[in-house]
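S.K.: Following this line is coords_4.txt, made up of compact mmCIF, C-alpha atoms:
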# COMPACT_ATOMS: atom_id res chain seq x y z
CA MET A 1 42.68 -10.36 73.26
CA VAL A 2 43.68 -10.98 76.87
CA ARG A 3 46.23 -13.71 77.28
CA ASP A 4 49.08 -14.69 79.59
CA VAL A 5 51.77 -12.89 77.58
CA ASP A 6 54.56 -12.07 80.01
CA ALA A 7 57.46 -9.71 79.27
CA LEU A 8 59.25 -11.14 82.31
CA THR A 9 59.55 -14.54 80.63
CA SER A 10 59.92 -13.52 76.98
CA ALA A 11 61.11 -10.26 75.44
CA THR A 12 59.05 -10.85 72.30
CA LEU A 13 55.87 -12.51 71.08
CA LYS A 14 57.98 -14.97 69.09
CA HIS A 15 56.98 -18.13 70.93
CA LEU A 16 53.57 -17.28 72.34
CA ARG A 17 51.17 -17.70 69.41
CA ASP A 18 48.97 -20.27 71.14
CA ARG A 19 48.36 -17.88 74.05
CA TRP A 20 46.65 -15.10 72.12
CA TRP A 21 45.03 -16.91 69.15
CA ASP A 22 41.31 -16.87 70.00
CA GLU A 23 38.02 -17.35 68.11
CA ALA A 24 37.79 -13.71 67.06
CA PHE A 25 41.26 -13.88 65.52
CA THR A 26 40.36 -17.13 63.74
CA ALA A 27 37.29 -15.43 62.27
CA PHE A 28 39.47 -12.53 61.09
CA VAL A 29 41.87 -14.90 59.32
CA LYS A 30 38.97 -16.70 57.64
CA ASP A 31 37.29 -13.48 56.50
CA THR A 32 40.46 -12.06 55.01
CA LEU A 33 41.64 -15.26 53.30
CA GLN A 34 38.24 -15.80 51.65
CA PRO A 35 38.42 -19.65 51.69
CA ARG A 36 35.81 -20.51 49.08
CA PRO A 37 35.33 -23.98 47.57
CA GLY A 38 38.07 -24.97 45.14
CA ARG A 39 40.64 -22.51 46.50
CA ARG A 40 44.19 -23.36 47.50
CA ILE A 41 45.53 -21.72 50.67
CA LEU A 42 49.11 -21.73 52.01
CA ASP A 43 50.13 -21.21 55.64
CA VAL A 44 53.78 -20.08 55.80
CA GLY A 45 55.33 -21.02 59.14
CA CYS A 46 52.60 -23.29 60.45
CA GLY A 47 54.38 -24.20 63.67
CA ARG A 48 52.53 -27.06 65.33
CA GLY A 49 49.34 -26.59 63.33
CA THR A 50 47.56 -23.91 65.37
CA ALA A 51 45.99 -22.22 62.34
CA GLU A 52 44.91 -25.47 60.72
CA VAL A 53 43.17 -26.72 63.87
CA LYS A 54 41.54 -23.35 64.56
CA LEU A 55 40.31 -22.90 60.98
CA SER A 56 38.94 -26.44 60.88
CA ARG A 57 36.43 -25.50 63.57
CA LEU A 58 34.84 -23.12 61.05
CA ARG A 59 33.95 -26.18 58.96
CA LEU A 60 35.59 -25.05 55.73
CA THR A 61 34.70 -27.36 52.84
CA GLN A 62 36.35 -28.09 49.51
CA VAL A 63 39.38 -25.95 50.36
CA ASP A 64 42.90 -27.29 49.72
CA LEU A 65 45.02 -26.28 52.70
CA PHE A 66 48.81 -26.42 52.51
CA ALA A 67 51.33 -25.53 55.23
CA VAL A 68 55.11 -25.28 55.57
CA ASP A 69 57.51 -24.72 58.44
CA LEU A 70 61.28 -24.50 58.64
CA MET A 71 61.51 -27.00 61.52
CA PRO A 72 60.76 -30.62 60.53
CA ASP A 73 59.75 -31.57 64.09
CA ARG A 74 57.06 -28.90 64.05
CA VAL A 75 55.77 -30.20 60.73
CA VAL A 76 55.49 -33.66 62.29
CA ASP A 77 53.61 -32.21 65.27
CA ALA A 78 51.30 -30.20 62.97
CA LEU A 79 50.50 -33.30 60.93
CA ALA A 80 49.70 -35.25 64.10
CA ALA A 81 47.49 -32.42 65.40
CA THR A 82 45.47 -32.21 62.18
CA ARG A 83 45.06 -35.97 61.96
CA ALA A 84 43.81 -36.02 65.54
CA HIS A 85 41.08 -33.58 64.46
CA ASN A 86 40.40 -35.39 61.16
CA ILE A 87 41.65 -32.41 59.14
CA ASP A 88 42.76 -32.85 55.55
CA ALA A 89 45.87 -30.68 55.06
CA HIS A 90 49.22 -31.01 53.30
CA PHE A 91 52.51 -30.28 55.11
CA ALA A 92 56.16 -29.86 54.17
CA ALA A 93 59.39 -28.63 55.74
CA ALA A 94 60.48 -25.50 53.85
CA ASP A 95 62.19 -22.14 54.22
CA ALA A 96 59.90 -19.10 53.93
CA CYS A 97 62.59 -17.41 51.82
CA HIS A 98 62.65 -20.34 49.35
CA LEU A 99 59.11 -21.68 49.05
CA PRO A 100 59.05 -24.95 47.05
CA PHE A 101 56.08 -24.03 44.85
CA PRO A 102 55.71 -22.69 41.30
CA ASN A 103 54.60 -19.13 40.65
CA ALA A 104 50.91 -18.33 41.21
CA THR A 105 50.13 -21.67 42.89
CA PHE A 106 47.79 -20.41 45.62
CA ASP A 107 44.65 -18.29 45.84
CA SER A 108 45.59 -17.06 49.32
CA VAL A 109 48.77 -17.08 51.40
CA PHE A 110 49.11 -16.14 55.05
CA CYS A 111 51.62 -16.09 57.86
CA VAL A 112 51.13 -15.35 61.55
CA ALA A 113 54.00 -14.38 63.87
CA VAL A 114 56.57 -15.80 61.43
CA LEU A 115 58.32 -12.86 59.72
CA GLN A 116 59.55 -11.64 63.11
CA HIS A 117 61.87 -14.69 63.11
CA ILE A 118 63.40 -13.94 59.70
CA GLY A 119 66.41 -11.77 58.92
CA ASP A 120 65.50 -11.12 55.26
CA VAL A 121 61.83 -10.22 55.69
CA LYS A 122 61.54 -8.59 52.26
CA ARG A 123 62.62 -11.80 50.54
CA ALA A 124 60.10 -13.85 52.52
CA VAL A 125 57.28 -11.44 51.64
CA GLY A 126 58.42 -11.55 48.02
CA GLU A 127 58.17 -15.34 48.07
CA MET A 128 54.63 -15.12 49.44
CA ALA A 129 53.77 -12.78 46.58
CA ARG A 130 55.43 -15.03 43.99
CA VAL A 131 53.41 -18.13 44.88
CA THR A 132 50.10 -16.20 45.03
CA ARG A 133 48.03 -15.85 41.87
CA PRO A 134 47.42 -12.33 40.51
CA GLY A 135 44.48 -10.88 42.43
CA GLY A 136 44.93 -13.37 45.27
CA ARG A 137 44.97 -12.47 48.96
CA ILE A 138 48.05 -12.22 51.17
CA VAL A 139 47.74 -11.76 54.94
CA ALA A 140 50.65 -11.20 57.32
CA VAL A 141 50.24 -10.72 61.07
CA GLU A 142 53.26 -9.61 63.09
CA PRO A 143 53.94 -7.76 66.36
CA ASP A 144 56.00 -4.72 67.19
CA ASN A 145 58.27 -6.34 69.74
CA ALA A 146 60.13 -3.07 70.23
CA ALA A 147 57.10 -1.35 71.73
CA ARG A 148 55.86 -3.58 74.55
CA TYR A 149 54.33 -1.77 77.50
CA PHE A 150 54.96 -2.82 81.09
CA PHE A 151 53.77 -1.09 84.29
CA SER A 152 54.08 -2.17 87.90
CA SER A 153 52.91 -0.28 90.97
CA VAL A 154 56.08 -1.23 92.88
CA ASP A 155 59.59 -0.08 92.01
CA ASP A 156 60.97 -3.62 92.03
CA GLY A 157 58.67 -4.35 89.11
CA ARG A 158 60.42 -1.71 87.02
CA LYS A 159 63.79 -3.17 88.05
CA ALA A 160 62.63 -6.68 87.13
CA HIS A 161 61.50 -5.48 83.73
CA GLU A 162 64.88 -3.80 83.15
CA GLY A 163 66.67 -6.97 84.27
CA ALA A 164 64.58 -9.04 81.87
CA ARG A 165 65.35 -6.67 79.01
CA ARG A 166 69.11 -6.83 79.65
CA PHE A 167 69.10 -10.62 79.89
CA PHE A 168 66.94 -11.24 76.82
CA SER A 169 68.89 -8.67 74.76
CA ALA A 170 72.17 -10.35 75.66
CA LEU A 171 70.73 -13.72 74.64
CA ALA A 172 69.55 -12.36 71.29
CA GLU A 173 72.91 -10.72 70.59
CA ALA A 174 74.83 -13.88 71.47
CA ARG A 175 72.62 -15.90 69.15
CA GLU A 176 73.16 -13.34 66.38
CA ASP A 177 69.44 -12.71 66.01
CA ALA A 178 69.29 -10.45 62.94
CA SER A 179 65.50 -10.17 62.85
CA ASP A 180 63.73 -6.80 63.10
CA PRO A 181 61.71 -6.54 66.35
CA ALA A 182 59.40 -3.91 64.84
CA VAL A 183 58.39 -5.75 61.67
CA GLY A 184 54.63 -5.52 62.30
CA PRO A 185 53.95 -1.86 61.38
CA GLN A 186 56.38 -2.05 58.44
CA LEU A 187 54.36 -4.65 56.54
CA PRO A 188 52.34 -2.29 54.29
CA THR A 189 55.58 -0.76 52.99
CA LEU A 190 57.09 -4.21 52.43
CA PHE A 191 53.96 -5.25 50.57
CA THR A 192 54.23 -2.37 48.11
CA GLN A 193 57.91 -3.19 47.51
CA THR A 194 57.14 -6.80 46.56
CA GLY A 195 54.19 -6.51 44.21
CA ILE A 196 51.38 -6.61 46.77
CA GLN A 197 48.72 -3.91 47.02
CA PRO A 198 47.92 -3.21 50.70
CA LEU A 199 44.17 -3.26 51.32
CA SER A 200 43.87 -2.78 55.08
CA VAL A 201 45.71 -2.82 58.39
CA HIS A 202 44.12 -4.18 61.57
CA VAL A 203 45.56 -3.70 65.05
CA PHE A 204 45.10 -6.37 67.71
CA PRO A 205 46.12 -5.60 71.31
CA VAL A 206 47.53 -8.46 73.33
CA SER A 207 47.04 -7.34 76.90
CA GLY A 208 46.89 -8.49 80.49
CA ALA A 209 46.42 -6.89 83.91
CA ARG A 210 46.93 -8.31 87.39
CA LEU A 211 45.28 -6.69 90.39
CA GLY A 212 46.53 -7.88 93.76
CA SER A 213 49.65 -9.96 94.30
CA PRO A 214 49.90 -12.75 91.66
CA PRO A 215 49.59 -16.32 92.97
CA ALA A 216 52.66 -18.44 93.65
CA ASP A 217 52.38 -20.39 90.38
CA VAL A 218 52.86 -17.18 88.36
CA TRP A 219 56.19 -16.49 90.06
CA GLN A 220 57.22 -20.12 89.80
CA ASN A 221 56.48 -20.13 86.08
CA ARG A 222 58.57 -17.01 85.65
CA ARG A 223 61.50 -18.50 87.52
CA GLU A 224 61.32 -21.80 85.64
CA ASN A 225 61.24 -20.07 82.26
CA VAL A 226 64.26 -17.93 83.12
CA ALA A 227 66.15 -20.85 84.67
CA GLU A 228 65.68 -22.85 81.47
CA LEU A 229 67.06 -19.97 79.41
CA ILE A 230 70.02 -19.60 81.78
CA GLU A 231 70.85 -23.27 81.40
CA LYS A 232 70.94 -22.93 77.61
CA ALA A 233 72.69 -19.54 77.57
CA PRO A 234 75.88 -19.42 75.44
CA GLY A 235 78.43 -17.99 77.87
CA GLU A 236 79.13 -17.42 81.54
CA ALA A 237 78.55 -13.64 81.35
CA ILE A 238 75.00 -14.14 80.07
CA ARG A 239 74.31 -16.79 82.69
CA ARG A 240 75.40 -14.33 85.39
CA LEU A 241 72.99 -11.75 83.94
CA GLY A 242 70.27 -14.35 84.19
CA GLN A 243 71.12 -15.18 87.80
CA ASP A 244 71.10 -11.47 88.69
CA TYR A 245 67.71 -11.17 87.02
CA LEU A 246 66.34 -14.06 89.08
CA LYS A 247 67.40 -12.29 92.29
CA VAL A 248 65.55 -9.15 91.21
CA LEU A 249 62.53 -11.27 90.33
CA ASP A 250 62.54 -12.72 93.86
CA ARG A 251 62.59 -9.22 95.34
CA TYR A 252 59.74 -8.25 93.03
CA GLU A 253 57.64 -11.15 94.30
CA ARG A 254 58.16 -10.07 97.91
CA ALA A 255 57.34 -6.44 97.08
CA ALA A 256 54.15 -7.47 95.28
CA SER A 257 53.12 -9.60 98.24
CA ASP A 258 53.76 -6.71 100.64
CA ALA A 259 51.66 -4.38 98.46
CA GLY A 260 48.68 -6.77 98.71
CA ALA A 261 45.42 -5.56 97.21
CA GLY A 262 47.04 -2.31 96.08
CA PHE A 263 49.39 -4.10 93.68
CA VAL A 264 48.82 -3.82 89.93
CA GLU A 265 50.81 -5.04 86.93
CA ILE A 266 49.76 -4.15 83.38
CA GLN A 267 51.26 -5.41 80.14
CA ASN A 268 50.41 -4.72 76.51
CA ALA A 269 51.78 -5.57 73.08
CA MET A 270 50.37 -4.94 69.61
CA LEU A 271 49.84 -7.19 66.61
CA PHE A 272 49.55 -5.61 63.16
CA ALA A 273 47.63 -7.57 60.54
CA THR A 274 48.18 -6.36 56.98
CA VAL A 275 45.85 -7.61 54.26
CA GLY A 276 47.00 -7.28 50.66
CA GLN A 277 46.21 -8.35 47.12
CA ARG A 278 48.73 -9.68 44.61
CA GLU A 279 49.00 -7.18 41.80
CA GLU A 280 47.54 -8.24 38.48
Kindly transcribe the structure held in the file into structure tokens.

M.R.:
Amino acid sequence: MVRDVDALTSATLKHLRDRWWDEAFTAFVKDTLQPRPGRRILDVGCGRGTAEVKLSRLRLTQVDLFAVDLMPDRVVDALAATRAHNIDAHFAAADACHLPFPNATFDSVFCVAVLQHIGDVKRAVGEMARVTRPGGRIVAVEPDNAARYFFSSVDDGRKAHEGARRFFSALAEAREDASDPAVGPQLPTLFTQTGIQPLSVHVFPVSGARLGSPPADVWQNRRENVAELIEKAPGEAIRRLGQDYLKVLDRYERAASDAGAGFVEIQNAMLFATVGQREE
């Protein structure tokens, strides 16, 4: 997977699902969910319907697809997206920690880049297990946001990355973000604690490399993303951190331009996909 996933605009993979979800990943989701005719499948945390649209291109037939998301506006967007593609799916606004379904309702349940948003991950995984029939499949795909790799051939790149980390960390602390950034590799253990037998773990790199000074639109996108976060930041101290970061980012752009063809920037993050089976 090579996508525009930028640690200088986001400290985590929390809001970047559309950028790394490709055909190979769609095929993986299909193969692990085993969507055979007559089966009921639940997508926990559907966002704006990415999974439903992607899976529809595989021409699944006679499969009942259900999806929930905490944010009602995303559910509305997901419904509109599926209707635009003539996809038959059922949507509802619901909390992953309190799924509104009876026990053993679904043959397969999956979530992608959702548990990283949740403070009580074990409860959410337990809910996924509860609504899955005995012997049914459960698939959870999450990153390790604590282990992102960033390299730049110029020193101002390192300083920009440090400035981004300070700013994003201050934002998360101010917003009382209690989620675990390293949830991805912990999923097999969480599965065993909630009545799910782990079957396999798959690792997906989400990587990108730039050789030569990036074009102007890359830097503009970075500045606009940070400026938007500064505007919404809760407190003057955090806004000052953001402004300081923008100044470092400007210096980084000039240094990259001066380096010319010898400039390189490499980024990498990892997604961990755990496949499990509800215990009989």

S.K.: Enumerate, in order of chain and increasing residue number, the residues of stretch 72-173 of chain A with an atom no farther than 9 Å from stretch 25-38 of chain A, each with its shortest atom pair and distance in Å to one decimal, counting all atoms listed in the file, as CSV.

M.R.:
residue,atom,partner,partner_atom,distance
A:Asp107,CA,A:Leu33,CA,8.6
A:Ser108,CA,A:Leu33,CA,5.9
A:Val109,CA,A:Leu33,CA,7.6
A:Phe110,CA,A:Leu33,CA,7.7
A:Gly136,CA,A:Leu33,CA,8.9
A:Arg137,CA,A:Leu33,CA,6.1
A:Ile138,CA,A:Leu33,CA,7.4
A:Val139,CA,A:Leu33,CA,7.2

S.K.: Take atom CA of A:Pro72 and atom CA of A:Val112 and report the distance between them in Å, one decimal.

M.R.: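 Separation between atom CA of A:Pro72 and atom CA of A:Val112: 18.1 Å.
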
S.K.: Per residue of stretch 126-161 of chain A within 7 Å of stretch 262-272 of chain A, note the shortest atom pair and the distance in Å to one decimal, counting only C-alpha atoms, and order the rows by chain and increasing residue number, as a Markdown table.

M.R.:
| residue | atom | partner | partner_atom | distance |
| --- | --- | --- | --- | --- |
| A:Val141 | CA | A:Phe272 | CA | 5.6 |
| A:Glu142 | CA | A:Phe272 | CA | 5.5 |
| A:Pro143 | CA | A:Leu271 | CA | 4.1 |
| A:Asp144 | CA | A:Met270 | CA | 6.1 |
| A:Ala147 | CA | A:Ala269 | CA | 6.9 |
| A:Arg148 | CA | A:Ala269 | CA | 4.8 |
| A:Tyr149 | CA | A:Asn268 | CA | 5.0 |
| A:Phe150 | CA | A:Gln267 | CA | 4.6 |
| A:Phe151 | CA | A:Ile266 | CA | 5.1 |
| A:Ser152 | CA | A:Glu265 | CA | 4.5 |
| A:Ser153 | CA | A:Val264 | CA | 5.5 |

S.K.: Just the number, please: distance in Å from atom CA of A:Ala174 to atom CA of A:Asp69, one decimal.

M.R.: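 Pair atom CA of A:Ala174 / atom CA of A:Asp69 returns 24.2 Å.
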
S.K.: Pick out the residues sitting within 10 Å of A:Leu190, and hand them over as a PyMOL selection string; count only C-alpha atoms, and ignore anything fewer than 5 positions along from it in its own chain.

M.R.: chain A and resi 121-123+125-126+183+185+195-198

S.K.: Taking (46.9, -10.2, 43.7) in the file's coordinates as the center, which residues reach within 7 Å of it, counting all atoms listed in the file, put as a list in words?

M.R.: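 Those residues, ordered by chain and then number, are Thr132, Arg133, Pro134, Gly135, Gly136, Arg137, Ile196, Gln277, Arg278, Glu279 and Glu280 of chain A.
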
S.K.: Put those residues in a file: C-alpha atoms, as an mmCIF file, in the coordinates of the input.

M.R.:
data_model
loop_
_atom_site.group_PDB
_atom_site.id
_atom_site.type_symbol
_atom_site.label_atom_id
_atom_site.label_comp_id
_atom_site.auth_asym_id
_atom_site.auth_seq_id
_atom_site.Cartn_x
_atom_site.Cartn_y
_atom_site.Cartn_z
ATOM 1 C CA THR A 132 50.100 -16.200 45.030
ATOM 2 C CA ARG A 133 48.030 -15.850 41.870
ATOM 3 C CA PRO A 134 47.420 -12.330 40.510
ATOM 4 C CA GLY A 135 44.480 -10.880 42.430
ATOM 5 C CA GLY A 136 44.930 -13.370 45.270
ATOM 6 C CA ARG A 137 44.970 -12.470 48.960
ATOM 7 C CA ILE A 196 51.380 -6.610 46.770
ATOM 8 C CA GLN A 277 46.210 -8.350 47.120
ATOM 9 C CA ARG A 278 48.730 -9.680 44.610
ATOM 10 C CA GLU A 279 49.000 -7.180 41.800
ATOM 11 C CA GLU A 280 47.540 -8.240 38.480
#

S.K.: Work out how far apart atom CA of A:Phe167 and atom CA of A:Ala237 are and give it in Å to one decimal.

M.R.: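 One can read the atom CA of A:Phe167 to atom CA of A:Ala237 distance as 10.0 Å.
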
S.K.: Could you give me, as a count of residues only, the residues within 9 Å of A:Leu241, counting all atoms listed in the file and dropping anything in the same chain fewer than 5 positions from it?

M.R.: 7

S.K.: Report the centre and edge lengths, in Å to one decimal, of an axis-aligned box enclosing every atom of stretch 7-10 of chain A listed in the file, padded by 8 Å on each side, as JSON.

M.R.:
{"center_x": 58.7, "center_y": -12.1, "center_z": 79.6, "size_x": 18.5, "size_y": 20.8, "size_z": 21.3}

S.K.: Please, which residues are within 10 Å of (41.5, -29.2, 60.5) by the file's coordinates, counting all atoms listed in the file, and could they come as a compact mmCIF listing (two decimals) with C-alpha atoms, in the coordinates of the input?

M.R.:
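Dumped everything to selection.txt:
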# COMPACT_ATOMS: atom_id res chain seq x y z
CA GLY A 49 49.34 -26.59 63.33
CA THR A 50 47.56 -23.91 65.37
CA ALA A 51 45.99 -22.22 62.34
CA GLU A 52 44.91 -25.47 60.72
CA VAL A 53 43.17 -26.72 63.87
CA LYS A 54 41.54 -23.35 64.56
CA LEU A 55 40.31 -22.90 60.98
CA SER A 56 38.94 -26.44 60.88
CA ARG A 57 36.43 -25.50 63.57
CA LEU A 58 34.84 -23.12 61.05
CA ARG A 59 33.95 -26.18 58.96
CA LEU A 60 35.59 -25.05 55.73
CA LEU A 65 45.02 -26.28 52.70
CA LEU A 79 50.50 -33.30 60.93
CA ALA A 81 47.49 -32.42 65.40
CA THR A 82 45.47 -32.21 62.18
CA ARG A 83 45.06 -35.97 61.96
CA ALA A 84 43.81 -36.02 65.54
CA HIS A 85 41.08 -33.58 64.46
CA ASN A 86 40.40 -35.39 61.16
CA ILE A 87 41.65 -32.41 59.14
CA ASP A 88 42.76 -32.85 55.55
CA ALA A 89 45.87 -30.68 55.06

S.K.: Check the smallest atom-to-atom distance from each of A:Ala216, A:Val154, A:Cys46, A:Leu8 to A:Ala113 using only C-alpha atoms, then report the winner.

M.R.: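 Going through A:Ala216, A:Val154, A:Cys46, A:Leu8 one by one, the smallest distance to A:Ala113 is for A:Cys46.
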
S.K.: Applying 8 Å and only C-alpha atoms, which residues near A:Thr274 remain after dropping the ones on its own chain fewer than 5 positions away? List them as a short mmCIF file (atom, residue, chain, number, x, y, z; two decimals) with C-alpha atoms, keeping the file's coordinate frame.

M.R.:
data_model
loop_
_atom_site.label_atom_id
_atom_site.label_comp_id
_atom_site.auth_asym_id
_atom_site.auth_seq_id
_atom_site.Cartn_x
_atom_site.Cartn_y
_atom_site.Cartn_z
CA VAL A 139 47.74 -11.76 54.94
CA ALA A 140 50.65 -11.20 57.32
CA VAL A 141 50.24 -10.72 61.07
CA LEU A 187 54.36 -4.65 56.54
CA PRO A 188 52.34 -2.29 54.29
CA PRO A 198 47.92 -3.21 50.70
CA LEU A 199 44.17 -3.26 51.32
CA SER A 200 43.87 -2.78 55.08
CA VAL A 201 45.71 -2.82 58.39
CA HIS A 202 44.12 -4.18 61.57
#

S.K.: So that I can see what lies close to A:Ala233, please list as a list in words the residues with an atom at most 12 Å from it, counting all atoms listed in the file and leaving out residues fewer than 2 positions away in the same chain.

M.R.: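 Here the qualifying residues turn out to be Phe167, Phe168, Ser169, Ala170, Leu171, Ala172, Glu173, Ala174, Arg175, Val226, Ala227, Glu228, Leu229, Ile230, Glu231, Gly235, Glu236, Ala237, Ile238, Arg239, Arg240, Leu241, Gly242 and Gln243 of chain A.
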
S.K.: Nearest to A:Ala164: which of A:Ser257, A:Ser213, A:Gln116, A:Asn225 is it, counting all atoms listed in the file?

M.R.: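 Answer, going by the shortest atom-to-atom distance: A:Asn225.
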
S.K.: Find, counting only C-alpha atoms, the residue in A:Val68, A:Val203, A:Ala96, A:Asp250 that gets nearest to A:Gly119.

M.R.: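 Of A:Val68, A:Val203, A:Ala96, A:Asp250, the one nearest A:Gly119 is A:Ala96, counting only C-alpha atoms.
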
S.K.: Please determine, counting all atoms listed in the file, which residue among A:Arg48, A:Glu176, A:Leu99, A:Phe106 has the shortest atom-to-atom distance to A:Ala78.

M.R.: A:Arg48

S.K.: With only C-alpha atoms as the atoms that count, which of A:Arg130, A:Arg210, A:Arg74, A:His90 lies nearest to A:Arg40?

M.R.: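 The answer is A:His90, which sits nearest to A:Arg40.
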